[in-house]
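One file, coords_35.pdb, carrying PDB, C-alpha atoms:
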ATOM      1  CA  MET A   1    -193.401  74.030 -79.189
ATOM      2  CA  ARG A   2    -194.418  71.262 -76.816
ATOM      3  CA  PHE A   3    -197.457  69.058 -77.210
ATOM      4  CA  ASP A   4    -199.174  67.308 -74.343
ATOM      5  CA  LEU A   5    -198.920  63.511 -74.786
ATOM      6  CA  ASP A   6    -202.568  62.984 -73.879
ATOM      7  CA  ASP A   7    -203.593  65.554 -76.501
ATOM      8  CA  LEU A   8    -201.536  63.676 -79.076
ATOM      9  CA  ARG A   9    -203.194  60.385 -78.080
ATOM     10  CA  LEU A  10    -206.612  62.031 -78.431
ATOM     11  CA  PHE A  11    -205.705  63.452 -81.851
ATOM     12  CA  LEU A  12    -204.558  60.024 -83.081
ATOM     13  CA  ASP A  13    -207.798  58.449 -81.839
ATOM     14  CA  VAL A  14    -209.848  61.140 -83.592
ATOM     15  CA  VAL A  15    -207.946  60.619 -86.869
ATOM     16  CA  SER A  16    -208.205  56.827 -86.531
ATOM     17  CA  GLU A  17    -211.958  56.926 -85.848
ATOM     18  CA  GLY A  18    -212.715  59.794 -88.275
ATOM     19  CA  SER A  19    -214.817  61.374 -85.544
ATOM     20  CA  ILE A  20    -214.216  63.631 -82.540
ATOM     21  CA  THR A  21    -217.110  61.917 -80.771
ATOM     22  CA  ALA A  22    -215.594  58.458 -81.241
ATOM     23  CA  GLY A  23    -212.129  59.714 -80.287
ATOM     24  CA  ALA A  24    -213.538  61.250 -77.113
ATOM     25  CA  ARG A  25    -215.187  57.932 -76.262
ATOM     26  CA  ARG A  26    -211.894  56.048 -76.618
ATOM     27  CA  MET A  27    -210.186  58.537 -74.293
ATOM     28  CA  HIS A  28    -213.130  58.502 -71.848
ATOM     29  CA  LEU A  29    -213.724  62.216 -72.351
ATOM     30  CA  SER A  30    -216.894  64.207 -72.900
ATOM     31  CA  LEU A  31    -217.443  65.583 -76.409
ATOM     32  CA  PRO A  32    -217.107  69.255 -75.326
ATOM     33  CA  SER A  33    -213.860  68.494 -73.505
ATOM     34  CA  ALA A  34    -212.417  66.572 -76.456
ATOM     35  CA  SER A  35    -213.426  69.330 -78.905
ATOM     36  CA  ALA A  36    -211.795  71.967 -76.719
ATOM     37  CA  ARG A  37    -208.540  69.977 -76.519
ATOM     38  CA  VAL A  38    -208.426  69.502 -80.298
ATOM     39  CA  ARG A  39    -208.969  73.265 -80.845
ATOM     40  CA  SER A  40    -206.220  73.977 -78.298
ATOM     41  CA  LEU A  41    -203.896  71.627 -80.198
ATOM     42  CA  GLU A  42    -204.647  73.459 -83.459
ATOM     43  CA  HIS A  43    -204.078  76.825 -81.777
ATOM     44  CA  GLN A  44    -200.742  75.581 -80.426
ATOM     45  CA  ALA A  45    -199.728  74.271 -83.865
ATOM     46  CA  GLY A  46    -200.830  77.517 -85.515
ATOM     47  CA  VAL A  47    -202.552  75.664 -88.336
ATOM     48  CA  ALA A  48    -205.759  73.720 -88.956
ATOM     49  CA  LEU A  49    -205.264  70.019 -88.315
ATOM     50  CA  LEU A  50    -208.744  68.675 -89.169
ATOM     51  CA  ILE A  51    -211.254  69.218 -91.932
ATOM     52  CA  ARG A  52    -214.673  69.017 -90.325
ATOM     53  CA  GLY A  53    -217.683  67.804 -92.274
ATOM     54  CA  ARG A  54    -221.186  66.429 -91.721
ATOM     55  CA  ARG A  55    -219.870  62.839 -91.839
ATOM     56  CA  GLY A  56    -216.964  63.371 -89.477
ATOM     57  CA  VAL A  57    -213.432  64.691 -89.719
ATOM     58  CA  ARG A  58    -210.295  63.993 -91.731
ATOM     59  CA  PRO A  59    -206.760  65.337 -91.271
ATOM     60  CA  THR A  60    -205.346  68.239 -93.240
ATOM     61  CA  PRO A  61    -201.846  67.795 -94.714
ATOM     62  CA  ALA A  62    -200.488  69.347 -91.505
ATOM     63  CA  GLY A  63    -202.669  66.999 -89.488
ATOM     64  CA  THR A  64    -201.341  63.973 -91.394
ATOM     65  CA  THR A  65    -197.765  65.070 -90.662
ATOM     66  CA  LEU A  66    -198.566  65.625 -86.976
ATOM     67  CA  ALA A  67    -200.223  62.197 -86.725
ATOM     68  CA  ARG A  68    -197.168  60.471 -88.231
ATOM     69  CA  HIS A  69    -194.759  62.134 -85.818
ATOM     70  CA  ALA A  70    -197.128  61.680 -82.892
ATOM     71  CA  ARG A  71    -197.084  57.908 -83.432
ATOM     72  CA  GLU A  72    -193.271  57.952 -83.373
ATOM     73  CA  VAL A  73    -193.149  60.085 -80.206
ATOM     74  CA  LEU A  74    -195.659  57.906 -78.354
ATOM     75  CA  ALA A  75    -193.860  54.708 -79.417
ATOM     76  CA  GLN A  76    -190.514  56.094 -78.227
ATOM     77  CA  THR A  77    -192.091  57.172 -74.939
ATOM     78  CA  ALA A  78    -193.492  53.668 -74.410
ATOM     79  CA  ARG A  79    -190.055  52.135 -75.059
ATOM     80  CA  LEU A  80    -188.442  54.560 -72.631
ATOM     81  CA  GLU A  81    -190.964  53.775 -69.891
ATOM     82  CA  SER A  82    -190.513  50.043 -70.467
ATOM     83  CA  ALA A  83    -186.716  50.303 -70.272
ATOM     84  CA  VAL A  84    -186.812  52.194 -66.968
ATOM     85  CA  ALA A  85    -189.493  49.908 -65.524
ATOM     86  CA  SER A  86    -187.335  46.844 -66.188
ATOM     87  CA  TYR A  87    -185.013  47.984 -63.388
ATOM     88  CA  THR A  88    -187.783  48.228 -60.807
ATOM     89  CA  ARG A  89    -190.022  45.334 -61.811
ATOM     90  CA  SER A  90    -188.459  42.604 -59.620
ATOM     91  CA  PRO A  91    -190.734  42.145 -56.580
ATOM     92  CA  THR A  92    -187.988  40.570 -54.471
ATOM     93  CA  ALA A  93    -184.481  41.508 -53.407
ATOM     94  CA  PRO A  94    -181.725  39.740 -55.368
ATOM     95  CA  LEU A  95    -180.510  36.413 -54.032
ATOM     96  CA  THR A  96    -176.819  36.198 -53.160
ATOM     97  CA  LEU A  97    -174.880  33.091 -54.196
ATOM     98  CA  LEU A  98    -171.230  32.600 -53.249
ATOM     99  CA  SER A  99    -168.902  29.969 -54.663
ATOM    100  CA  GLY A 100    -165.255  29.059 -55.083
ATOM    101  CA  GLY A 101    -163.592  29.170 -58.482
ATOM    102  CA  SER A 102    -163.990  25.456 -59.185
ATOM    103  CA  ALA A 103    -167.796  25.490 -59.101
ATOM    104  CA  MET A 104    -167.801  28.783 -61.025
ATOM    105  CA  HIS A 105    -166.279  26.988 -64.007
ATOM    106  CA  ARG A 106    -169.331  24.985 -65.047
ATOM    107  CA  LEU A 107    -171.671  24.077 -62.177
ATOM    108  CA  VAL A 108    -172.837  27.556 -61.150
ATOM    109  CA  PRO A 109    -173.297  28.915 -64.719
ATOM    110  CA  GLN A 110    -175.396  25.877 -65.688
ATOM    111  CA  ALA A 111    -177.614  26.303 -62.626
ATOM    112  CA  LEU A 112    -177.971  30.054 -63.229
ATOM    113  CA  VAL A 113    -179.077  29.624 -66.833
ATOM    114  CA  SER A 114    -181.905  27.262 -65.939
ATOM    115  CA  PHE A 115    -182.938  29.199 -62.802
ATOM    116  CA  LEU A 116    -183.010  32.671 -64.391
ATOM    117  CA  ARG A 117    -185.011  31.389 -67.351
ATOM    118  CA  ALA A 118    -187.542  29.737 -65.030
ATOM    119  CA  HIS A 119    -187.755  32.749 -62.652
ATOM    120  CA  PRO A 120    -187.704  35.993 -64.686
ATOM    121  CA  ASP A 121    -188.745  38.095 -61.665
ATOM    122  CA  VAL A 122    -185.844  36.964 -59.435
ATOM    123  CA  ASP A 123    -182.335  38.401 -59.753
ATOM    124  CA  VAL A 124    -179.161  36.732 -58.463
ATOM    125  CA  ARG A 125    -175.871  38.287 -57.323
ATOM    126  CA  VAL A 126    -172.987  35.828 -57.788
ATOM    127  CA  SER A 127    -169.490  36.266 -56.376
ATOM    128  CA  GLU A 128    -166.386  34.101 -56.184
ATOM    129  CA  SER A 129    -165.451  33.542 -52.562
ATOM    130  CA  ARG A 130    -163.208  31.193 -50.578
ATOM    131  CA  THR A 131    -165.006  28.767 -48.271
ATOM    132  CA  PRO A 132    -164.071  30.527 -44.975
ATOM    133  CA  GLU A 133    -165.380  33.851 -46.290
ATOM    134  CA  THR A 134    -168.496  32.184 -47.690
ATOM    135  CA  VAL A 135    -169.217  30.526 -44.336
ATOM    136  CA  ARG A 136    -168.826  33.844 -42.520
ATOM    137  CA  LYS A 137    -171.198  35.666 -44.865
ATOM    138  CA  LEU A 138    -173.768  32.870 -44.726
ATOM    139  CA  THR A 139    -173.595  32.892 -40.912
ATOM    140  CA  ASP A 140    -173.981  36.682 -40.782
ATOM    141  CA  GLY A 141    -176.970  36.620 -43.130
ATOM    142  CA  GLU A 142    -175.096  38.385 -45.949
ATOM    143  CA  ALA A 143    -175.712  35.577 -48.455
ATOM    144  CA  ASP A 144    -178.464  33.059 -49.201
ATOM    145  CA  LEU A 145    -176.536  30.081 -50.591
ATOM    146  CA  GLY A 146    -172.938  29.020 -50.957
ATOM    147  CA  VAL A 147    -171.021  26.245 -52.686
ATOM    148  CA  VAL A 148    -168.223  25.325 -50.267
ATOM    149  CA  VAL A 149    -165.456  22.733 -49.922
ATOM    150  CA  ASP A 150    -166.135  20.075 -47.294
ATOM    151  CA  ASP A 151    -162.907  20.168 -45.287
ATOM    152  CA  GLU A 152    -163.131  23.933 -44.663
ATOM    153  CA  ALA A 153    -166.812  23.988 -43.727
ATOM    154  CA  ARG A 154    -167.051  21.299 -41.051
ATOM    155  CA  ASP A 155    -168.755  22.143 -37.742
ATOM    156  CA  CYS A 156    -169.691  25.650 -38.857
ATOM    157  CA  GLY A 157    -173.303  25.303 -37.714
ATOM    158  CA  LEU A 158    -174.857  25.905 -41.119
ATOM    159  CA  VAL A 159    -177.318  23.628 -42.871
ATOM    160  CA  MET A 160    -175.369  21.792 -45.588
ATOM    161  CA  GLU A 161    -175.858  18.948 -48.031
ATOM    162  CA  PRO A 162    -173.557  17.042 -50.421
ATOM    163  CA  LEU A 163    -173.388  18.516 -53.914
ATOM    164  CA  GLY A 164    -170.703  16.562 -55.756
ATOM    165  CA  ASP A 165    -167.103  15.458 -56.107
ATOM    166  CA  ASP A 166    -164.455  18.137 -56.569
ATOM    167  CA  SER A 167    -161.266  16.071 -56.311
ATOM    168  CA  LEU A 168    -158.067  17.397 -57.879
ATOM    169  CA  VAL A 169    -156.042  15.762 -60.637
ATOM    170  CA  VAL A 170    -152.956  16.662 -62.642
ATOM    171  CA  ILE A 171    -153.308  17.149 -66.395
ATOM    172  CA  GLY A 172    -150.879  17.519 -69.268
ATOM    173  CA  GLN A 173    -150.505  17.257 -73.027
ATOM    174  CA  ALA A 174    -151.633  13.962 -74.552
ATOM    175  CA  ASP A 175    -148.756  11.470 -74.901
ATOM    176  CA  GLY A 176    -146.516  13.843 -72.974
ATOM    177  CA  ILE A 177    -144.883  13.666 -69.546
ATOM    178  CA  LEU A 178    -147.878  11.931 -67.962
ATOM    179  CA  ALA A 179    -148.175   9.178 -70.576
ATOM    180  CA  GLY A 180    -148.450   5.774 -68.912
ATOM    181  CA  ARG A 181    -148.735   7.237 -65.417
ATOM    182  CA  GLY A 182    -151.824   6.485 -63.308
ATOM    183  CA  ALA A 183    -151.092   8.619 -60.240
ATOM    184  CA  LEU A 184    -148.505  11.056 -58.866
ATOM    185  CA  THR A 185    -147.825  12.947 -55.665
ATOM    186  CA  TYR A 186    -147.711  16.724 -55.753
ATOM    187  CA  SER A 187    -143.959  16.581 -55.056
ATOM    188  CA  GLU A 188    -143.502  14.619 -58.282
ATOM    189  CA  VAL A 189    -145.686  17.067 -60.183
ATOM    190  CA  ALA A 190    -143.635  19.999 -58.874
ATOM    191  CA  GLU A 191    -140.521  18.597 -60.553
ATOM    192  CA  HIS A 192    -141.939  19.766 -63.888
ATOM    193  CA  PRO A 193    -142.859  23.252 -65.151
ATOM    194  CA  LEU A 194    -146.472  24.124 -64.273
ATOM    195  CA  VAL A 195    -149.194  26.480 -65.349
ATOM    196  CA  GLY A 196    -151.477  27.685 -62.593
ATOM    197  CA  LEU A 197    -154.228  29.994 -61.467
ATOM    198  CA  ASP A 198    -153.524  33.540 -60.314
ATOM    199  CA  PRO A 199    -152.224  33.737 -56.704
ATOM    200  CA  GLY A 200    -155.410  35.386 -55.440
ATOM    201  CA  SER A 201    -157.789  32.746 -56.809
ATOM    202  CA  SER A 202    -159.720  30.671 -54.292
ATOM    203  CA  LEU A 203    -158.456  27.318 -55.629
ATOM    204  CA  ARG A 204    -154.784  28.399 -55.735
ATOM    205  CA  ARG A 205    -154.983  29.640 -52.146
ATOM    206  CA  TRP A 206    -156.726  26.429 -51.066
ATOM    207  CA  ILE A 207    -153.938  24.279 -52.570
ATOM    208  CA  GLU A 208    -151.168  26.381 -51.027
ATOM    209  CA  ARG A 209    -152.811  26.254 -47.603
ATOM    210  CA  HIS A 210    -152.832  22.451 -47.706
ATOM    211  CA  LEU A 211    -149.262  22.248 -48.974
ATOM    212  CA  GLY A 212    -148.087  24.259 -45.974
ATOM    213  CA  PRO A 213    -144.784  26.060 -45.410
ATOM    214  CA  HIS A 214    -142.644  23.150 -46.619
ATOM    215  CA  ALA A 215    -144.218  22.912 -50.047
ATOM    216  CA  PRO A 216    -141.818  22.089 -52.896
ATOM    217  CA  ALA A 217    -140.615  25.013 -54.988
ATOM    218  CA  VAL A 218    -142.666  25.343 -58.155
ATOM    219  CA  ARG A 219    -141.863  26.975 -61.483
ATOM    220  CA  TYR A 220    -144.981  28.524 -62.952
ATOM    221  CA  ARG A 221    -144.510  29.291 -66.630
ATOM    222  CA  THR A 222    -147.609  31.483 -66.462
ATOM    223  CA  THR A 223    -150.734  32.031 -64.363
ATOM    224  CA  VAL A 224    -154.259  32.742 -65.595
ATOM    225  CA  ALA A 225    -157.565  33.839 -64.116
ATOM    226  CA  ASP A 226    -159.880  30.950 -64.980
ATOM    227  CA  LEU A 227    -159.912  27.177 -65.206
ATOM    228  CA  GLY A 228    -160.876  27.035 -68.866
ATOM    229  CA  ALA A 229    -157.712  28.880 -69.905
ATOM    230  CA  LEU A 230    -155.632  26.764 -67.533
ATOM    231  CA  VAL A 231    -156.878  23.487 -69.041
ATOM    232  CA  ALA A 232    -156.219  24.823 -72.553
ATOM    233  CA  LEU A 233    -152.614  25.727 -71.688
ATOM    234  CA  ALA A 234    -151.944  22.313 -70.148
ATOM    235  CA  ALA A 235    -153.472  20.534 -73.147
ATOM    236  CA  ALA A 236    -151.213  22.549 -75.461
ATOM    237  CA  GLY A 237    -148.127  21.303 -73.624
ATOM    238  CA  VAL A 238    -147.134  24.579 -71.949
ATOM    239  CA  GLY A 239    -146.910  22.859 -68.551
ATOM    240  CA  LEU A 240    -148.680  20.519 -66.163
ATOM    241  CA  ALA A 241    -151.655  21.804 -64.186
ATOM    242  CA  VAL A 242    -153.489  20.783 -61.022
ATOM    243  CA  VAL A 243    -157.213  21.220 -61.547
ATOM    244  CA  PRO A 244    -160.515  19.753 -60.336
ATOM    245  CA  ARG A 245    -161.380  16.677 -62.392
ATOM    246  CA  ARG A 246    -164.748  18.290 -63.144
ATOM    247  CA  ALA A 247    -162.949  21.115 -65.005
ATOM    248  CA  VAL A 248    -161.596  18.758 -67.676
ATOM    249  CA  ASP A 249    -163.661  19.324 -70.811
ATOM    250  CA  PRO A 250    -165.050  16.205 -72.496
ATOM    251  CA  GLY A 251    -163.363  15.278 -75.724
ATOM    252  CA  ARG A 252    -160.229  17.360 -75.161
ATOM    253  CA  PRO A 253    -157.085  15.287 -75.936
ATOM    254  CA  LEU A 254    -154.951  15.318 -72.798
ATOM    255  CA  ASP A 255    -153.581  12.963 -70.136
ATOM    256  CA  VAL A 256    -155.109  12.940 -66.645
ATOM    257  CA  CYS A 257    -153.484  11.420 -63.551
ATOM    258  CA  GLU A 258    -154.767  11.069 -60.033
ATOM    259  CA  LEU A 259    -153.101  13.102 -57.285
ATOM    260  CA  GLN A 260    -152.136  10.700 -54.496
ATOM    261  CA  ASP A 261    -152.058  13.367 -51.769
ATOM    262  CA  ALA A 262    -154.953  12.982 -49.311
ATOM    263  CA  TRP A 263    -155.859  16.665 -49.532
ATOM    264  CA  ALA A 264    -156.588  16.260 -53.260
ATOM    265  CA  ARG A 265    -159.784  14.324 -52.474
ATOM    266  CA  ARG A 266    -162.470  16.865 -51.699
ATOM    267  CA  HIS A 267    -166.204  17.427 -52.182
ATOM    268  CA  HIS A 268    -168.552  20.333 -52.774
ATOM    269  CA  LEU A 269    -171.313  21.063 -50.275
ATOM    270  CA  LEU A 270    -174.355  23.273 -50.719
ATOM    271  CA  ALA A 271    -174.568  25.545 -47.676
ATOM    272  CA  TRP A 272    -177.614  27.572 -46.647
ATOM    273  CA  GLY A 273    -177.568  30.996 -45.056
ATOM    274  CA  ALA A 274    -178.456  31.541 -41.411
ATOM    275  CA  LYS A 275    -182.153  31.898 -42.274
ATOM    276  CA  GLY A 276    -182.131  28.259 -43.355
ATOM    277  CA  ARG A 277    -184.326  26.387 -45.796
ATOM    278  CA  THR A 278    -187.426  28.484 -45.027
ATOM    279  CA  SER A 279    -185.817  31.815 -45.987
ATOM    280  CA  SER A 280    -187.711  32.037 -49.299
ATOM    281  CA  THR A 281    -189.198  29.936 -52.026
ATOM    282  CA  ALA A 282    -186.759  31.588 -54.452
ATOM    283  CA  THR A 283    -183.785  30.390 -52.391
ATOM    284  CA  ALA A 284    -185.197  26.865 -52.344
ATOM    285  CA  ALA A 285    -185.712  27.000 -56.116
ATOM    286  CA  LEU A 286    -182.130  28.154 -56.743
ATOM    287  CA  ALA A 287    -180.863  25.330 -54.509
ATOM    288  CA  GLU A 288    -182.839  22.826 -56.562
ATOM    289  CA  HIS A 289    -181.295  24.117 -59.805
ATOM    290  CA  LEU A 290    -177.824  23.744 -58.277
ATOM    291  CA  ARG A 291    -178.660  20.128 -57.335
ATOM    292  CA  ARG A 292    -179.850  19.395 -60.872
ATOM    293  CA  ALA A 293    -176.721  20.925 -62.373
ATOM    294  CA  ALA A 294    -174.565  18.789 -60.059
ATOM    295  CA  VAL A 295    -176.459  15.621 -61.018
ATOM    296  CA  SER A 296    -176.118  16.472 -64.714
ATOM    297  CA  GLU A 297    -172.399  17.050 -64.295
ATOM    298  CA  SER A 298    -171.968  13.778 -62.390
ATOM    299  CA  ALA A 299    -173.741  11.903 -65.185
ATOM    300  CA  SER A 300    -171.426  13.590 -67.688
ATOM    301  CA  PHE A 301    -168.401  12.310 -65.731
ATOM    302  CA  GLY A 302    -169.824   8.795 -65.958
ATOM    303  CA  ARG A 303    -170.231   9.028 -69.723
ATOM    304  CA  ARG A 304    -166.659  10.239 -70.079
ATOM    305  CA  GLY A 305    -165.397   7.323 -67.989
ATOM    306  CA  ASP A 306    -167.247   4.839 -70.194
ATOM    307  CA  SER A 307    -166.040   6.356 -73.463
ATOM    308  CA  GLY A 308    -162.542   4.892 -73.315
ATOM    309  CA  ASP A 309    -160.786   8.248 -73.868
ATOM    310  CA  ARG A 310    -157.656   9.478 -72.126
ATOM    311  CA  HIS A 311    -159.442  11.055 -69.155
ATOM    312  CA  GLY A 312    -158.273   9.194 -66.109
ATOM    313  CA  GLY A 313    -154.705   8.507 -67.222
TER     314      GLY A 313
END

Could you write out this file's structure as structure tokens?
Amino acid sequence: MRFDLDDLRLFLDVVSEGSITAGARRMHLSLPSASARVRSLEHQAGVALLIRGRRGVRPTPAGTTLARHAREVLAQTARLESAVASYTRSPTAPLTLLSGGSAMHRLVPQALVSFLRAHPDVDVRVSESRTPETVRKLTDGEADLGVVVDDEARDCGLVMEPLGDDSLVVIGQADGILAGRGALTYSEVAEHPLVGLDPGSSLRRWIERHLGPHAPAVRYRTTVADLGALVALAAAGVGLAVVPRRAVDPGRPLDVCELQDAWARRHHLLAWGAKGRTSSTATAALAEHLRRAAVSESASFGRRGDSGDRHGG
């Protein structure tokens, strides 16, 4: 048998109030209408559900059982409606944020955490993307914001602003090959076994583009998908690695040397989509959280530099 949910709500109100009149009032029904619906419910159940008296009503054993299950059914229905509604509640289309792999390591996640907590009604789509592809999508209106590398985004016509340093360094096991060295060229680094990012990663492709066709032959002992794993492998002595300085975790024992090649000095820019700064207040808010994350990260670099640890060679 199937019970109407509104009839179950009415029955629970009647049982709770001990009166059909009071239950009808809570459901905004007339007394005759409420009485008819209760009788229909009893007819459908095939058993008396209420004991009627001069001072009101009380449930029969069958009525008590129905009331208990009705509460469970209505609670489950409310949870189901809430779960489905959560997918349609956002009043705005998701923002689209694009970034290279370097900023994805720490900068973008930190900004997302603070933004999503502060703006529960705004969703964000995040994708890793090389700077040329990010610029194209921003220009075509397919994305709202992008974190790009300065040398690949010049003269693209987009609104951009400085976001932070993203220079590359070489790292290795503490007191290992790099001990006592302050700086190396990439050619010197390539003389040793390396660990690197997967060939399709945005940072790996950026490095190879700047090395050009006459790049020194490199032996990669292994390649991995993310910077965190790469730093861990280098720190364990598996091989040297070329990474953004900002990817080096504070407190990790390893040696860090500058890369002397000019292309190793680069900066992140925050680039706005073709709609510009007035596209939405949500876009402006996300940009502000990215700025704050960059400032926080920059301050963290300063603390590391003052701590006298091995970072910096």

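Applied to the file shown here, the PyMOL selection byres ((chain A and resi 175-180) around 10) selects Val170, Ile171, Gly172, Gln173, Ala174, Arg181, Gly182, Ala183, Leu184, Val189, His192, Ala235, Gly237, Gly239, Leu240, Pro253, Leu254, Asp255, Val256, Cys257, Arg310 and Gly313 of chain A.
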
Exactly which residues make up the result of the PyMOL selection byres ((chain A and resi 66-73) around 12) on this file, given as a compact mmCIF listing (two decimals) with C-alpha atoms, in the frame of the given file?
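Below is the file that was written, part09.txt:
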# COMPACT_ATOMS: atom_id res chain seq x y z
CA ARG A 2 -194.42 71.26 -76.82
CA PHE A 3 -197.46 69.06 -77.21
CA ASP A 4 -199.17 67.31 -74.34
CA LEU A 5 -198.92 63.51 -74.79
CA ASP A 6 -202.57 62.98 -73.88
CA ASP A 7 -203.59 65.55 -76.50
CA LEU A 8 -201.54 63.68 -79.08
CA ARG A 9 -203.19 60.38 -78.08
CA LEU A 10 -206.61 62.03 -78.43
CA PHE A 11 -205.70 63.45 -81.85
CA LEU A 12 -204.56 60.02 -83.08
CA ASP A 13 -207.80 58.45 -81.84
CA VAL A 14 -209.85 61.14 -83.59
CA VAL A 15 -207.95 60.62 -86.87
CA SER A 16 -208.20 56.83 -86.53
CA LEU A 41 -203.90 71.63 -80.20
CA GLU A 42 -204.65 73.46 -83.46
CA ALA A 45 -199.73 74.27 -83.86
CA VAL A 47 -202.55 75.66 -88.34
CA ALA A 48 -205.76 73.72 -88.96
CA LEU A 49 -205.26 70.02 -88.32
CA LEU A 50 -208.74 68.68 -89.17
CA ARG A 58 -210.30 63.99 -91.73
CA PRO A 59 -206.76 65.34 -91.27
CA THR A 60 -205.35 68.24 -93.24
CA PRO A 61 -201.85 67.80 -94.71
CA ALA A 62 -200.49 69.35 -91.50
CA GLY A 63 -202.67 67.00 -89.49
CA THR A 64 -201.34 63.97 -91.39
CA THR A 65 -197.76 65.07 -90.66
CA LEU A 74 -195.66 57.91 -78.35
CA ALA A 75 -193.86 54.71 -79.42
CA GLN A 76 -190.51 56.09 -78.23
CA THR A 77 -192.09 57.17 -74.94
CA ALA A 78 -193.49 53.67 -74.41
CA ARG A 79 -190.06 52.14 -75.06
CA LEU A 80 -188.44 54.56 -72.63

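Minimum distance to Gly53 in chain A across A:Asp249, A:Arg39, A:Gly146, A:Ser19 (counting all atoms listed in the file) occurs at A:Ser19.
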
Margin query: List as number ranges by chain the protein and nucleic acid residues near Arg54 in chain A, meaning an atom at most 12 Å away when only C-alpha atoms are counted, but skip any in the same chain fewer than 2 places from it.
Written below: A: 18-20, 51-52, 56-58

Next item on the list: Tell me which residues the PyMOL selection byres ((chain A and resi 285) around 12) grabs here, as a list of chain:residue names.
Entry: A:Leu95, A:Ala111, A:Leu112, A:Ser114, A:Phe115, A:Leu116, A:Ala118, A:His119, A:Val122, A:Val124, A:Asp144, A:Leu145, A:Arg277, A:Thr278, A:Ser279, A:Ser280, A:Thr281, A:Ala282, A:Thr283, A:Ala284, A:Leu286, A:Ala287, A:Glu288, A:His289, A:Leu290, A:Arg291, A:Arg292

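Across the structure, CA of Val248 in chain A and CA of Glu128 in chain A are spaced 19.8 Å apart.
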
Next item on the list: Just the residues within 9 Å of Leu269 in chain A, please, counting only C-alpha atoms, with nothing from its chain fewer than 4 positions along; format it as a PyMOL selection string.
Entry: chain A and resi 146-150+153+160-164

Next item on the list: Dig up all the protein and nucleic acid residues within 9 Å of (-147.6, 29.0, -61.4) in the file frame, using all atoms listed in the file, and format them as number ranges by chain.
Entry: A: 193-199, 218-224, 241

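Distances from A:Asp226, A:Ala236, A:Thr134, A:Pro216 to Arg252 in chain A were compared using only C-alpha atoms, and the smallest one belongs to A:Ala236.
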
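Distance annotation: of A:Gly46, A:Pro132, A:Gly273, A:Pro244, the residue with the minimal separation from Val169 in chain A is A:Pro244; atom set is all atoms listed in the file.
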
Would you write out, as a tab-separated table, a table of all residues in range 68-180 of chain A that have an atom no more than 9 Å from an atom of range 261-264 of chain A, listing for each the closest atom pair and the distance in Å to one decimal, considering all atoms listed in the file and ordering rows by chain and rising residue number?
residue	atom	partner	partner_atom	distance
A:Asp151	CA	A:Trp263	CA	8.9
A:Asp166	CA	A:Ala264	CA	8.7
A:Ser167	CA	A:Ala264	CA	5.6
A:Leu168	CA	A:Ala264	CA	5.0
A:Val169	CA	A:Ala264	CA	7.4

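A straight line drawn from CA of Gln110 in chain A to CA of Leu138 in chain A is 22.2 Å long.
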
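Distance-wise, CA of Ile207 in chain A and CA of Val243 in chain A end up 10.0 Å apart.
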
Item checked: Nearest residue to Leu259 in chain A from the set A:His43, A:Arg245, A:Arg26, A:His214 (distances using only C-alpha atoms) -> A:Arg245

Repaired coordinates for range 49-59 of chain A (N, CA and C atoms) as an mmCIF file, in the coordinates of the input:
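Writing the result to selection-v1.cif gives the following:
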data_model
loop_
_atom_site.group_PDB
_atom_site.id
_atom_site.type_symbol
_atom_site.label_atom_id
_atom_site.label_comp_id
_atom_site.auth_asym_id
_atom_site.auth_seq_id
_atom_site.Cartn_x
_atom_site.Cartn_y
_atom_site.Cartn_z
ATOM 1 N N LEU A 49 -205.707 71.411 -88.280
ATOM 2 C CA LEU A 49 -205.264 70.019 -88.315
ATOM 3 C C LEU A 49 -206.348 69.079 -88.822
ATOM 4 N N LEU A 50 -207.624 69.515 -88.757
ATOM 5 C CA LEU A 50 -208.744 68.675 -89.169
ATOM 6 C C LEU A 50 -209.649 69.429 -90.121
ATOM 7 N N ILE A 51 -210.189 68.701 -91.074
ATOM 8 C CA ILE A 51 -211.254 69.218 -91.932
ATOM 9 C C ILE A 51 -212.552 68.622 -91.416
ATOM 10 N N ARG A 52 -213.444 69.469 -90.950
ATOM 11 C CA ARG A 52 -214.673 69.017 -90.325
ATOM 12 C C ARG A 52 -215.797 69.002 -91.353
ATOM 13 N N GLY A 53 -216.559 67.921 -91.355
ATOM 14 C CA GLY A 53 -217.683 67.804 -92.274
ATOM 15 C C GLY A 53 -218.868 67.149 -91.588
ATOM 16 N N ARG A 54 -219.975 67.022 -92.316
ATOM 17 C CA ARG A 54 -221.186 66.429 -91.721
ATOM 18 C C ARG A 54 -220.973 64.958 -91.383
ATOM 19 N N ARG A 55 -220.083 64.268 -92.081
ATOM 20 C CA ARG A 55 -219.870 62.839 -91.839
ATOM 21 C C ARG A 55 -218.656 62.549 -90.948
ATOM 22 N N GLY A 56 -218.105 63.586 -90.361
ATOM 23 C CA GLY A 56 -216.964 63.371 -89.477
ATOM 24 C C GLY A 56 -215.830 64.314 -89.801
ATOM 25 N N VAL A 57 -214.605 63.856 -89.507
ATOM 26 C CA VAL A 57 -213.432 64.691 -89.719
ATOM 27 C C VAL A 57 -212.361 63.880 -90.456
ATOM 28 N N ARG A 58 -211.474 64.615 -91.124
ATOM 29 C CA ARG A 58 -210.295 63.993 -91.731
ATOM 30 C C ARG A 58 -209.149 64.970 -91.587
ATOM 31 N N PRO A 59 -207.898 64.450 -91.527
ATOM 32 C CA PRO A 59 -206.760 65.337 -91.271
ATOM 33 C C PRO A 59 -206.389 66.181 -92.475
#
